[in-house]
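Colleague: This is the structure I have questions about; it appears just below.
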Amino acid sequence: MSTSSTNVVIRPGRIEDVETIHAALLRLGDNTGAHQEITSTPDDLRSYGFGENPAFSTLIAEVGGEFAGLCLHFPIFSTWMGRPGVYVQDLYVESRFRGRRIGERLLRRVARECRKDGGAYLRLSVDTDNQTAKAFYERLGIGWSSTEQVQKIVGDAFFAFADAPEE
């Protein structure tokens with residue numbers, strides 16, 4: 001297989017891609033050792049990504065009509081900058097297509113679309129032990145922030161927090 005990236009097509013994800021998107025997310029989970037943390041279903045992606053008020057968008061990369069990767073993202077806003085941005089939730093490239101700059105092309109497309117809409121920044125999170133991803137992002141100029149730390153609350157703790165009475 002040629003290492004040329006000239007035959008890579010990047011297009012918006014469509015509702016008929018949901019099964020492929022979900023399968024790719026499961027493979028991403030396998031690759032990062034976090035498969036057990038993925039509880040989403042194709043129906044979740046269908047409902048929240050392709051319904052009346054989509055919570056996310058996807059870009060699909062194809063090589064010769066075959067799925068090669070995806071970038072799942074959504075808009076965000078910085079009150080400090082006063083500008084919109086984009087948050088990349090998931091970036092995945094099939095192992096047989098790695099080394100063809102598909103991940104970079106997906107990220108650049110997302111950044112270009114964000115900038116076209118007035119955006120000024122891109123954010124993402126990287127698993128702390130994923131050295132390959134960290135090196136990839138650093139090579140592209142996407143560095144880690146020494147002034148921020150991701151905080152989260154999920155599952156039962158989130159529901160208890162959200163459902164607690166206001167005082």
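Order determines the names: the first chain of the structure tokens is A, the second B, and so forth; residues in each chain are numbered 1 upward, and ligands are numbered 1 upward as they are shown.
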Give me the residues within 12 Å of Glu37 in chain A as a list of chain:residue names, counting only C-alpha atoms and dropping any in the same chain fewer than 4 places off.

Modeller: A:Leu25, A:Leu26, A:Leu28, A:Gly29, A:Asp30, A:Thr32, A:Gly33, A:Val154, A:Gly155

Colleague: Write out as CSV a residue-level contact list of range 53-78 of chain A versus range 4-21 of chain A with cut-off 7 Å: for each qualifying residue the closest pair of atoms and the distance in Å to one decimal, counting only C-alpha atoms, rows sorted by chain and residue number upward.

Modeller:
residue,atom,partner,partner_atom,distance
A:Thr58,CA,A:Gly13,CA,4.9
A:Leu59,CA,A:Pro12,CA,4.5
A:Ile60,CA,A:Arg11,CA,5.4
A:Ala61,CA,A:Ile10,CA,4.4
A:Glu62,CA,A:Val9,CA,5.1
A:Val63,CA,A:Val8,CA,4.8
A:Gly64,CA,A:Asn7,CA,6.7

Colleague: Taking into account only C-alpha atoms, which residue in the set A:His73, A:Glu104, A:Ser125, A:Pro165 is nearest to Gln151 in chain A?

Modeller: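 Comparing A:His73, A:Glu104, A:Ser125, A:Pro165 against Gln151 in chain A, the winner is A:Ser125.
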
Colleague: What parts of range 64-149 of chain A does DSSP call alpha helix (DSSP H)? I'd like the answer as an NGL selection string.

Modeller: :A and (102-116 or 131-139)

Colleague: Between A:Leu124, A:Ala157, A:Leu72, A:Leu91, which residue has the minimum interatomic distance to Ser145 in chain A, considering only C-alpha atoms?

Modeller: A:Leu124
